[in-house]
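input33.txt follows; it contains compact mmCIF, C-alpha atoms.
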# COMPACT_ATOMS: atom_id res chain seq x y z
CA MET A 1 -71.48 -9.54 51.96
CA LYS A 2 -70.90 -13.18 52.66
CA ILE A 3 -69.24 -15.40 50.05
CA SER A 4 -72.28 -17.71 50.05
CA GLU A 5 -74.56 -14.78 49.16
CA LEU A 6 -72.28 -13.80 46.27
CA LYS A 7 -72.32 -17.36 44.98
CA ASN A 8 -76.13 -17.48 45.16
CA LYS A 9 -76.43 -14.20 43.24
CA LYS A 10 -73.96 -15.46 40.61
CA ILE A 11 -75.92 -18.72 40.21
CA PHE A 12 -79.16 -16.72 39.98
CA HIS A 13 -77.70 -14.52 37.24
CA VAL A 14 -76.43 -17.55 35.33
CA TRP A 15 -79.85 -19.17 35.45
CA MET A 16 -81.47 -15.90 34.33
CA ILE A 17 -79.14 -15.75 31.34
CA ILE A 18 -79.87 -19.41 30.49
CA ALA A 19 -83.64 -18.76 30.77
CA ILE A 20 -83.39 -15.73 28.47
CA ILE A 21 -81.36 -17.70 25.91
CA LEU A 22 -83.89 -20.57 26.01
CA LEU A 23 -86.76 -18.10 25.58
CA ILE A 24 -85.05 -16.55 22.56
CA LEU A 25 -84.45 -20.00 21.04
CA ILE A 26 -88.09 -21.00 21.62
CA ILE A 27 -89.36 -17.79 20.00
CA ALA A 28 -86.97 -18.25 17.06
CA GLY A 29 -88.13 -21.87 16.68
CA ILE A 30 -91.78 -20.81 16.65
CA ILE A 31 -91.05 -18.14 14.01
CA MET A 32 -89.15 -20.66 11.85
CA LEU A 33 -91.91 -23.27 12.20
CA ARG A 34 -94.56 -20.71 11.31
CA TYR A 35 -92.54 -19.69 8.24
CA GLN A 36 -92.25 -23.31 7.12
CA VAL A 37 -96.04 -23.65 7.34
CA GLU A 38 -97.18 -20.23 6.09
CA GLY A 39 -94.25 -19.04 3.95
CA GLU A 40 -93.86 -15.40 2.97
CA SER A 41 -96.57 -13.02 4.15
CA ASP A 42 -98.59 -11.31 1.41
CA ASN A 43 -96.89 -7.95 1.82
CA ASN A 44 -93.40 -9.51 1.55
CA LEU A 45 -93.96 -11.39 -1.73
CA PRO A 46 -93.23 -9.10 -4.71
CA PHE A 47 -94.86 -11.32 -7.37
CA GLU A 48 -97.62 -13.89 -7.15
CA ILE A 49 -99.72 -16.31 -9.18
CA SER A 50 -102.91 -14.36 -9.85
CA LYS A 51 -104.79 -16.83 -12.03
CA MET A 52 -104.49 -20.32 -13.47
CA ILE A 53 -106.76 -21.77 -16.16
CA VAL A 54 -106.75 -25.44 -17.17
CA VAL A 55 -108.53 -26.64 -20.32
CA SER A 56 -108.72 -30.39 -20.96
CA THR A 57 -109.80 -32.13 -24.16
CA ALA A 58 -108.47 -34.63 -26.72
CA GLU A 59 -107.22 -34.56 -30.29
CA GLY A 60 -106.96 -37.28 -32.92
CA GLN A 61 -103.85 -37.73 -35.07
CA GLU A 62 -104.49 -39.51 -38.36
CA ILE A 63 -102.75 -42.85 -38.73
CA GLU A 64 -102.45 -45.37 -41.53
CA ALA A 65 -105.55 -47.48 -42.01
CA ASN A 66 -105.37 -51.24 -41.59
CA ASP A 67 -108.86 -51.83 -42.91
CA ASP A 68 -111.61 -50.09 -44.86
CA THR A 69 -112.72 -47.72 -42.11
CA LYS A 70 -113.19 -44.07 -43.06
CA TRP A 71 -111.43 -42.55 -40.06
CA ASN A 72 -108.33 -43.87 -38.29
CA PHE A 73 -106.88 -41.88 -35.41
CA SER A 74 -104.41 -42.17 -32.58
CA VAL A 75 -105.85 -40.03 -29.77
CA ASN A 76 -103.89 -37.70 -27.48
CA GLN A 77 -105.41 -36.35 -24.28
CA GLU A 78 -104.40 -32.66 -24.00
CA ASN A 79 -104.38 -30.19 -21.10
CA ASP A 80 -103.62 -26.53 -21.77
CA ILE A 81 -102.42 -24.64 -18.69
CA TYR A 82 -102.42 -20.82 -18.49
CA ILE A 83 -100.48 -19.35 -15.55
CA SER A 84 -100.64 -15.61 -14.82
CA ILE A 85 -97.77 -14.12 -12.78
CA ASN A 86 -98.32 -10.52 -11.66
CA LYS A 87 -96.98 -7.91 -9.27
CA ASN A 88 -98.43 -8.35 -5.80
CA GLU A 89 -100.56 -5.29 -5.04
CA GLU A 90 -99.77 -5.59 -1.33
CA TYR A 91 -96.03 -5.31 -2.00
CA LYS A 92 -95.30 -1.57 -1.85
CA ARG A 93 -91.65 -1.55 -2.95
CA LYS A 94 -90.28 -1.54 -6.50
CA ALA A 95 -89.33 -4.94 -7.87
CA SER A 96 -88.81 -6.69 -11.18
CA ILE A 97 -88.39 -10.27 -12.29
CA LYS A 98 -84.82 -11.31 -13.05
CA SER A 99 -85.83 -14.87 -13.94
CA LEU A 100 -88.83 -17.17 -13.65
CA SER A 101 -88.21 -20.92 -13.56
CA PHE A 102 -90.34 -24.04 -13.55
CA GLU A 103 -88.30 -26.75 -11.85
CA ASN A 104 -88.61 -30.32 -10.54
CA ILE A 105 -91.32 -31.10 -13.10
CA ASN A 106 -92.68 -34.58 -12.50
CA ILE A 107 -95.72 -36.75 -13.06
CA GLN A 108 -97.57 -38.82 -10.48
CA LYS A 109 -99.48 -41.63 -12.15
CA ALA A 110 -99.93 -45.33 -11.52
CA GLU A 111 -98.50 -46.25 -14.93
CA GLY A 112 -97.92 -44.86 -18.40
CA THR A 113 -95.98 -41.74 -17.39
CA GLU A 114 -93.58 -42.24 -20.29
CA ASN A 115 -96.37 -41.14 -22.66
CA ILE A 116 -96.94 -37.80 -20.89
CA LYS A 117 -95.04 -34.80 -22.24
CA LEU A 118 -95.02 -31.08 -21.45
CA TYR A 119 -94.71 -28.40 -24.14
CA ARG A 120 -94.33 -24.63 -23.81
CA ALA A 121 -95.99 -22.00 -25.98
CA ASN A 122 -94.33 -20.05 -28.80
CA ASP A 123 -94.22 -16.26 -29.09
CA LYS A 124 -97.85 -16.14 -30.25
CA GLY A 125 -99.00 -18.00 -27.16
CA GLU A 126 -99.74 -21.07 -29.28
CA ILE A 127 -98.72 -24.64 -28.51
CA SER A 128 -96.81 -26.57 -31.12
CA GLU A 129 -95.98 -30.15 -30.19
CA GLU A 130 -92.48 -29.98 -31.63
CA ASP A 131 -89.30 -31.16 -29.94
CA LYS A 132 -87.89 -27.62 -29.65
CA TYR A 133 -90.82 -26.68 -27.39
CA LEU A 134 -90.58 -29.83 -25.27
CA VAL A 135 -89.96 -29.16 -21.58
CA GLN A 136 -88.00 -31.75 -19.63
CA ASN A 137 -87.24 -31.33 -15.92
CA TYR A 138 -87.11 -27.53 -15.95
CA VAL A 139 -87.44 -24.36 -18.06
CA THR A 140 -86.28 -20.81 -17.25
CA TYR A 141 -87.58 -17.50 -18.59
CA GLU A 142 -85.46 -14.36 -18.29
CA GLY A 143 -87.10 -11.12 -17.23
CA GLU A 144 -86.95 -8.39 -19.90
CA LYS A 145 -88.77 -5.15 -20.70
CA GLU A 146 -90.86 -7.00 -23.29
CA ALA A 147 -91.92 -10.63 -23.47
CA ASP A 148 -90.55 -12.96 -26.15
CA LEU A 149 -91.81 -16.42 -25.25
CA GLU A 150 -90.24 -17.99 -28.32
CA ASN A 151 -86.82 -17.11 -26.88
CA LEU A 152 -87.74 -17.76 -23.24
CA LYS A 153 -88.19 -14.14 -22.18
CA ILE A 154 -91.00 -12.80 -19.99
CA SER A 155 -91.87 -9.23 -19.05
CA ASN A 156 -90.04 -8.28 -15.86
CA GLN A 157 -93.39 -7.18 -14.42
CA GLY A 158 -95.07 -10.53 -15.08
CA GLY A 159 -97.28 -12.06 -17.73
CA VAL A 160 -99.08 -15.20 -18.87
CA LEU A 161 -97.21 -18.43 -19.56
CA VAL A 162 -98.87 -21.28 -21.45
CA PHE A 163 -98.05 -24.98 -21.32
CA ARG A 164 -99.63 -28.16 -22.65
CA SER A 165 -99.44 -31.47 -20.84
CA VAL A 166 -100.12 -34.23 -23.37
CA ASN A 167 -100.88 -37.86 -22.66
CA GLU A 168 -99.96 -39.30 -26.03
CA ASN A 169 -101.45 -42.27 -27.89
CA VAL A 170 -104.07 -43.02 -25.25
CA CYS A 171 -106.12 -45.07 -27.68
CA GLU A 172 -106.94 -45.62 -31.34
CA VAL A 173 -110.28 -44.82 -32.94
CA ARG A 174 -111.49 -46.35 -36.20
CA SER A 175 -114.85 -45.18 -37.45
CA ASN A 176 -117.09 -44.89 -40.49
CA ASP A 177 -119.07 -41.94 -39.09
CA ASP A 178 -119.70 -39.11 -41.52
CA GLU A 179 -118.09 -36.60 -39.14
CA ILE A 180 -115.64 -36.85 -36.27
CA THR A 181 -115.50 -34.31 -33.45
CA HIS A 182 -112.00 -33.82 -32.13
CA ASP A 183 -112.54 -33.51 -28.40
CA GLY A 184 -112.70 -35.71 -25.33
CA THR A 185 -115.55 -37.79 -26.74
CA LEU A 186 -112.96 -39.47 -28.98
CA LEU A 187 -111.66 -41.16 -25.84
CA ALA A 188 -115.09 -42.66 -25.22
CA LYS A 189 -115.11 -43.98 -28.78
CA GLY A 190 -111.78 -45.64 -27.98
CA ASN A 191 -113.26 -47.29 -24.86
CA VAL A 192 -110.88 -45.47 -22.50
CA ASP A 193 -111.48 -45.80 -18.75
CA ALA A 194 -111.64 -42.29 -17.26
CA GLU A 195 -109.80 -43.46 -14.13
CA ASN A 196 -106.81 -44.56 -16.20
CA LEU A 197 -106.44 -41.05 -17.58
CA LYS A 198 -105.92 -39.37 -14.21
CA TYR A 199 -102.52 -38.06 -13.17
CA THR A 200 -100.98 -35.18 -11.23
CA LEU A 201 -98.54 -32.68 -12.71
CA ASN A 202 -96.14 -31.27 -10.08
CA PHE A 203 -93.60 -28.48 -10.43
CA ASP A 204 -91.88 -25.70 -8.51
CA ILE A 205 -92.20 -22.06 -9.55
CA VAL A 206 -89.04 -20.11 -8.69
CA ILE A 207 -89.21 -16.32 -8.97
CA GLU A 208 -85.90 -14.46 -8.74
CA THR A 209 -86.12 -10.67 -8.38
CA ASN A 210 -83.69 -7.97 -9.43
CA LYS A 211 -82.53 -7.94 -5.78
CA GLY A 212 -81.20 -11.48 -6.21
CA ILE A 213 -83.84 -12.96 -3.87
CA LYS A 214 -85.48 -16.23 -4.89
CA TYR A 215 -88.98 -17.35 -3.89
CA ARG A 216 -90.01 -20.98 -4.43
CA GLY A 217 -93.53 -22.45 -4.36
CA THR A 218 -94.79 -25.92 -5.33
CA VAL A 219 -97.79 -26.37 -7.64
CA SER A 220 -99.82 -29.57 -8.13
CA ILE A 221 -102.46 -29.89 -10.86
CA ASP A 222 -104.81 -32.86 -11.16
CA LEU A 223 -105.43 -33.74 -14.81
CA PRO A 224 -107.51 -34.02 -16.90
CA GLU A 225 -110.10 -31.48 -15.76
CA GLY A 226 -113.81 -32.35 -15.95
CA ASN A 227 -115.83 -35.17 -17.51
CA ILE A 228 -114.25 -34.93 -20.93
CA LEU A 229 -115.37 -38.37 -22.14
CA GLU A 230 -119.01 -37.24 -22.09
CA GLU A 231 -118.75 -33.46 -22.36
CA GLY A 232 -115.79 -33.27 -24.75
CA LYS A 233 -113.99 -30.51 -22.84
CA GLY A 234 -113.37 -29.59 -19.20
CA GLN A 235 -112.20 -26.25 -17.84
CA ILE A 236 -111.40 -24.69 -14.49
CA GLU A 237 -110.26 -21.21 -13.47
CA LYS A 238 -108.39 -20.89 -10.19
CA THR A 239 -107.73 -17.62 -8.34
CA ASP A 240 -107.27 -18.88 -4.78
CA PHE A 241 -103.65 -19.93 -4.24
CA SER A 242 -103.62 -20.18 -0.46
CA ASP A 243 -102.48 -23.81 -0.94
CA ILE A 244 -99.24 -22.68 -2.63
CA ILE A 245 -96.63 -21.53 -0.11
CA PHE A 246 -93.75 -19.39 -1.36
CA LYS A 247 -90.52 -19.36 0.68
CA ARG A 248 -87.19 -17.62 0.25
CA GLU A 249 -84.22 -19.70 -0.76
Let me see whether you can do it: turn the structure in this file into structure tokens.
Amino acid sequence: MKISELKNKKIFHVWMIIAIILLILIIAGIIMLRYQVEGESDNNLPFEISKMIVVSTAEGQEIEANDDTKWNFSVNQENDIYISINKNEEYKRKASIKSLSFENINIQKAEGTENIKLYRANDKGEISEEDKYLVQNYVTYEGEKEADLENLKISNQGGVLVFRSVNENVCEVRSNDDEITHDGTLLAKGNVDAENLKYTLNFDIVIETNKGIKYRGTVSIDLPEGNILEEGKGQIEKTDFSDIIFKRE
């Protein structure tokens, strides 16, 4: 065989190897890009958000009177958020929750974000707007056999977590009406513009399993829900979470 023929075969083999490597890199890139867009497939995610309920209203806090009016309130706009985390029925292997965290909590609003606070529920699932229940940038629940929300423990097979996002001191209401209804209509009495109430609550949910694998998904909730100035209360129940993409860390 001539030397030139050997060289041509060698060059051909080199180019074949380069082509195969490029093909592998392209396929890997497509898989990585698809993962960034779609996240974990349903049968690979051990736990999921199964339901989220948001209830919006308002509550008056009595303040000292500066005149002879019968009722004097500072009004808070309140949003109770119920998040159900459950085992994914499509995940066929055993798994348990080691920890469940809510991280990177932030508010998107034109102005007045300093008045918006987030509280977690106590062991009875009730919200108490006390400093010890105040959530700052994150909160972590440990997975245990039984839930104990007061001490930041959730069942290792999932459960319901409750939070309240409060926009404090939105307005003041002074009235001589015989009765006062404590709901969103108080905001109308205080001449609040509905547009000025709107904000978005953002946070990451991080689920760590007993295998040490973490899954992170970002949640955005537009608040308040519904026409609370006229109807008093707004509520929504969400079960479609195709907009929340969970990825491994």
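Taking atom CA of A:Val139 as the reference point, atom CA of A:Phe102 is found at 5.4 Å.
Distance check against A:Leu187 using only C-alpha atoms: of A:Val219, A:Val170, A:Val135, A:Leu22, the minimum falls on A:Val170.
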Hey, which bits of stretch 32-124 of chain A sit within 7 Å of stretch 193-206 of chain A, and for each residue what's the closest pair of atoms and how far apart in Å (one decimal), counting only C-alpha atoms, rows by chain and increasing number, as CSV?
residue,atom,partner,partner_atom,distance
A:Leu100,CA,A:Val206,CA,5.8
A:Ser101,CA,A:Val206,CA,5.0
A:Phe102,CA,A:Ile205,CA,4.8
A:Glu103,CA,A:Asp204,CA,5.0
A:Asn104,CA,A:Phe203,CA,5.3
A:Ile105,CA,A:Phe203,CA,4.4
A:Asn106,CA,A:Asn202,CA,5.4
A:Ile107,CA,A:Leu201,CA,5.0
A:Gln108,CA,A:Thr200,CA,5.0
A:Lys109,CA,A:Tyr199,CA,4.8
Do you know which residues are at most 6 Å from stretch 79-84 of chain A counting only C-alpha atoms, after dropping those on the same chain fewer than 6 positions away, and could you put them as a ChimeraX atom specification?
/A:49-56,159-165
Using only C-alpha atoms, which protein or nucleic acid residues come within 12 Å of stretch 146-156 of chain A? Drop anything in the same chain fewer than 3 positions from it, and give the result as a PyMOL selection string.
chain A and resi 46-47+84-87+94-102+120-128+132-133+135+139-143+159-163+207-210
Just-selected residues, C-alpha atoms written as a PDB file, in the coordinates of the input:
ATOM      1  CA  PRO A  46     -93.230  -9.100  -4.710  1.00  0.00           C
ATOM      2  CA  PHE A  47     -94.860 -11.320  -7.370  1.00  0.00           C
ATOM      3  CA  SER A  84    -100.640 -15.610 -14.820  1.00  0.00           C
ATOM      4  CA  ILE A  85     -97.770 -14.120 -12.780  1.00  0.00           C
ATOM      5  CA  ASN A  86     -98.320 -10.520 -11.660  1.00  0.00           C
ATOM      6  CA  LYS A  87     -96.980  -7.910  -9.270  1.00  0.00           C
ATOM      7  CA  LYS A  94     -90.280  -1.540  -6.500  1.00  0.00           C
ATOM      8  CA  ALA A  95     -89.330  -4.940  -7.870  1.00  0.00           C
ATOM      9  CA  SER A  96     -88.810  -6.690 -11.180  1.00  0.00           C
ATOM     10  CA  ILE A  97     -88.390 -10.270 -12.290  1.00  0.00           C
ATOM     11  CA  LYS A  98     -84.820 -11.310 -13.050  1.00  0.00           C
ATOM     12  CA  SER A  99     -85.830 -14.870 -13.940  1.00  0.00           C
ATOM     13  CA  LEU A 100     -88.830 -17.170 -13.650  1.00  0.00           C
ATOM     14  CA  SER A 101     -88.210 -20.920 -13.560  1.00  0.00           C
ATOM     15  CA  PHE A 102     -90.340 -24.040 -13.550  1.00  0.00           C
ATOM     16  CA  ARG A 120     -94.330 -24.630 -23.810  1.00  0.00           C
ATOM     17  CA  ALA A 121     -95.990 -22.000 -25.980  1.00  0.00           C
ATOM     18  CA  ASN A 122     -94.330 -20.050 -28.800  1.00  0.00           C
ATOM     19  CA  ASP A 123     -94.220 -16.260 -29.090  1.00  0.00           C
ATOM     20  CA  LYS A 124     -97.850 -16.140 -30.250  1.00  0.00           C
ATOM     21  CA  GLY A 125     -99.000 -18.000 -27.160  1.00  0.00           C
ATOM     22  CA  GLU A 126     -99.740 -21.070 -29.280  1.00  0.00           C
ATOM     23  CA  ILE A 127     -98.720 -24.640 -28.510  1.00  0.00           C
ATOM     24  CA  SER A 128     -96.810 -26.570 -31.120  1.00  0.00           C
ATOM     25  CA  LYS A 132     -87.890 -27.620 -29.650  1.00  0.00           C
ATOM     26  CA  TYR A 133     -90.820 -26.680 -27.390  1.00  0.00           C
ATOM     27  CA  VAL A 135     -89.960 -29.160 -21.580  1.00  0.00           C
ATOM     28  CA  VAL A 139     -87.440 -24.360 -18.060  1.00  0.00           C
ATOM     29  CA  THR A 140     -86.280 -20.810 -17.250  1.00  0.00           C
ATOM     30  CA  TYR A 141     -87.580 -17.500 -18.590  1.00  0.00           C
ATOM     31  CA  GLU A 142     -85.460 -14.360 -18.290  1.00  0.00           C
ATOM     32  CA  GLY A 143     -87.100 -11.120 -17.230  1.00  0.00           C
ATOM     33  CA  GLY A 159     -97.280 -12.060 -17.730  1.00  0.00           C
ATOM     34  CA  VAL A 160     -99.080 -15.200 -18.870  1.00  0.00           C
ATOM     35  CA  LEU A 161     -97.210 -18.430 -19.560  1.00  0.00           C
ATOM     36  CA  VAL A 162     -98.870 -21.280 -21.450  1.00  0.00           C
ATOM     37  CA  PHE A 163     -98.050 -24.980 -21.320  1.00  0.00           C
ATOM     38  CA  ILE A 207     -89.210 -16.320  -8.970  1.00  0.00           C
ATOM     39  CA  GLU A 208     -85.900 -14.460  -8.740  1.00  0.00           C
ATOM     40  CA  THR A 209     -86.120 -10.670  -8.380  1.00  0.00           C
ATOM     41  CA  ASN A 210     -83.690  -7.970  -9.430  1.00  0.00           C
TER      42      ASN A 210
END
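Candidate residues A:Asp183, A:Asp178, A:Glu59, A:Glu64 were compared for distance to A:Val166, and the nearest is A:Glu59, using all atoms listed in the file.
Among the candidates A:Thr57, A:Asn137, A:Asn191, A:Asn72, the one nearest to A:Gly234 when counting only C-alpha atoms is A:Thr57.
Separating atom CA of A:Glu172 from atom CA of A:Ile236 is a distance of 27.2 Å.
Take atom CA of A:Glu90 and atom CA of A:Ser220: the distance between them is 24.9 Å.
Closest approach to A:Ile221 from the set A:Ile244, A:Gly60, A:Lys233, A:Asn176 is made by A:Ile244, with distances taken over all atoms listed in the file.
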Who sits within 6 Å of A:Asn167, only C-alpha atoms, same chain under 5 positions skipped, as a PDB file with C-alpha atoms, keeping the file's coordinate frame:
ATOM      1  CA  ASN A  76    -103.890 -37.700 -27.480  1.00  0.00           C
ATOM      2  CA  GLN A  77    -105.410 -36.350 -24.280  1.00  0.00           C
ATOM      3  CA  ASN A 115     -96.370 -41.140 -22.660  1.00  0.00           C
ATOM      4  CA  ILE A 116     -96.940 -37.800 -20.890  1.00  0.00           C
TER       5      ILE A 116
END
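Considering the residues A:Ala58, A:Leu45, A:Leu118, A:Val192 and counting all atoms listed in the file, A:Lys247 has its shortest atom-to-atom contact with A:Leu45.
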Could you rebuild stretch 83-93 of chain A with all heavy atoms and give it back as a compact mmCIF listing (two decimals), in the frame of the given file?
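What follows is the written file out_12.txt:
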# COMPACT_ATOMS: atom_id res chain seq x y z
N ILE A 83 -100.91 -19.81 -16.87
CA ILE A 83 -100.48 -19.35 -15.55
C ILE A 83 -100.15 -17.86 -15.62
O ILE A 83 -99.25 -17.45 -16.37
CB ILE A 83 -99.27 -20.13 -15.04
CG1 ILE A 83 -99.59 -21.63 -14.98
CG2 ILE A 83 -98.83 -19.63 -13.67
CD1 ILE A 83 -98.42 -22.51 -14.60
N SER A 84 -100.87 -17.05 -14.86
CA SER A 84 -100.64 -15.61 -14.82
C SER A 84 -99.80 -15.26 -13.60
O SER A 84 -100.19 -15.55 -12.47
CB SER A 84 -101.97 -14.85 -14.78
OG SER A 84 -102.74 -15.11 -15.94
N ILE A 85 -98.66 -14.62 -13.84
CA ILE A 85 -97.77 -14.12 -12.78
C ILE A 85 -97.81 -12.60 -12.80
O ILE A 85 -97.52 -12.00 -13.84
CB ILE A 85 -96.33 -14.61 -12.96
CG1 ILE A 85 -96.27 -16.13 -13.14
CG2 ILE A 85 -95.45 -14.13 -11.81
CD1 ILE A 85 -96.53 -16.92 -11.89
N ASN A 86 -98.19 -11.98 -11.69
CA ASN A 86 -98.32 -10.52 -11.66
C ASN A 86 -97.70 -9.93 -10.41
O ASN A 86 -97.45 -10.63 -9.42
CB ASN A 86 -99.79 -10.11 -11.75
CG ASN A 86 -100.41 -10.48 -13.09
OD1 ASN A 86 -101.19 -11.42 -13.17
ND2 ASN A 86 -100.07 -9.76 -14.13
N LYS A 87 -97.47 -8.63 -10.44
CA LYS A 87 -96.98 -7.91 -9.27
C LYS A 87 -98.02 -7.99 -8.16
O LYS A 87 -99.22 -7.82 -8.40
CB LYS A 87 -96.72 -6.44 -9.64
CG LYS A 87 -96.15 -5.59 -8.51
CD LYS A 87 -94.68 -5.88 -8.31
CE LYS A 87 -94.13 -5.04 -7.15
NZ LYS A 87 -94.09 -3.60 -7.47
N ASN A 88 -97.56 -8.27 -6.96
CA ASN A 88 -98.43 -8.35 -5.80
C ASN A 88 -98.81 -6.93 -5.36
O ASN A 88 -97.95 -6.12 -5.03
CB ASN A 88 -97.71 -9.09 -4.67
CG ASN A 88 -98.56 -9.23 -3.41
OD1 ASN A 88 -99.73 -8.87 -3.40
ND2 ASN A 88 -97.96 -9.76 -2.37
N GLU A 89 -100.10 -6.63 -5.38
CA GLU A 89 -100.56 -5.29 -5.04
C GLU A 89 -100.25 -4.89 -3.60
O GLU A 89 -100.18 -3.70 -3.28
CB GLU A 89 -102.07 -5.17 -5.30
CG GLU A 89 -102.44 -5.29 -6.78
CD GLU A 89 -103.93 -5.16 -7.01
OE1 GLU A 89 -104.67 -5.04 -6.01
OE2 GLU A 89 -104.36 -5.19 -8.18
N GLU A 90 -100.08 -5.89 -2.73
CA GLU A 90 -99.77 -5.59 -1.33
C GLU A 90 -98.29 -5.31 -1.10
O GLU A 90 -97.90 -4.87 -0.01
CB GLU A 90 -100.24 -6.74 -0.43
CG GLU A 90 -101.76 -6.93 -0.45
CD GLU A 90 -102.20 -7.93 0.60
OE1 GLU A 90 -101.55 -8.01 1.66
OE2 GLU A 90 -103.20 -8.64 0.36
N TYR A 91 -97.46 -5.57 -2.11
CA TYR A 91 -96.03 -5.31 -2.00
C TYR A 91 -95.78 -3.88 -2.47
O TYR A 91 -95.98 -3.55 -3.64
CB TYR A 91 -95.25 -6.31 -2.85
CG TYR A 91 -93.76 -6.27 -2.66
CD1 TYR A 91 -93.17 -6.92 -1.59
CD2 TYR A 91 -92.93 -5.59 -3.56
CE1 TYR A 91 -91.79 -6.90 -1.41
CE2 TYR A 91 -91.56 -5.57 -3.39
CZ TYR A 91 -90.99 -6.23 -2.31
OH TYR A 91 -89.63 -6.21 -2.14
N LYS A 92 -95.35 -3.00 -1.57
CA LYS A 92 -95.30 -1.57 -1.85
C LYS A 92 -93.96 -1.09 -2.42
O LYS A 92 -93.83 0.06 -2.80
CB LYS A 92 -95.63 -0.78 -0.58
CG LYS A 92 -97.00 -1.12 0.01
CD LYS A 92 -98.11 -0.96 -1.02
CE LYS A 92 -99.48 -1.30 -0.43
NZ LYS A 92 -100.56 -1.22 -1.43
N ARG A 93 -92.95 -1.97 -2.45
CA ARG A 93 -91.65 -1.55 -2.95
C ARG A 93 -91.49 -1.91 -4.43
O ARG A 93 -92.22 -2.75 -4.96
CB ARG A 93 -90.54 -2.19 -2.13
CG ARG A 93 -90.38 -1.62 -0.74
CD ARG A 93 -89.55 -2.53 0.15
NE ARG A 93 -90.31 -3.71 0.56
CZ ARG A 93 -89.82 -4.71 1.28
NH1 ARG A 93 -88.55 -4.67 1.66
NH2 ARG A 93 -90.56 -5.74 1.62
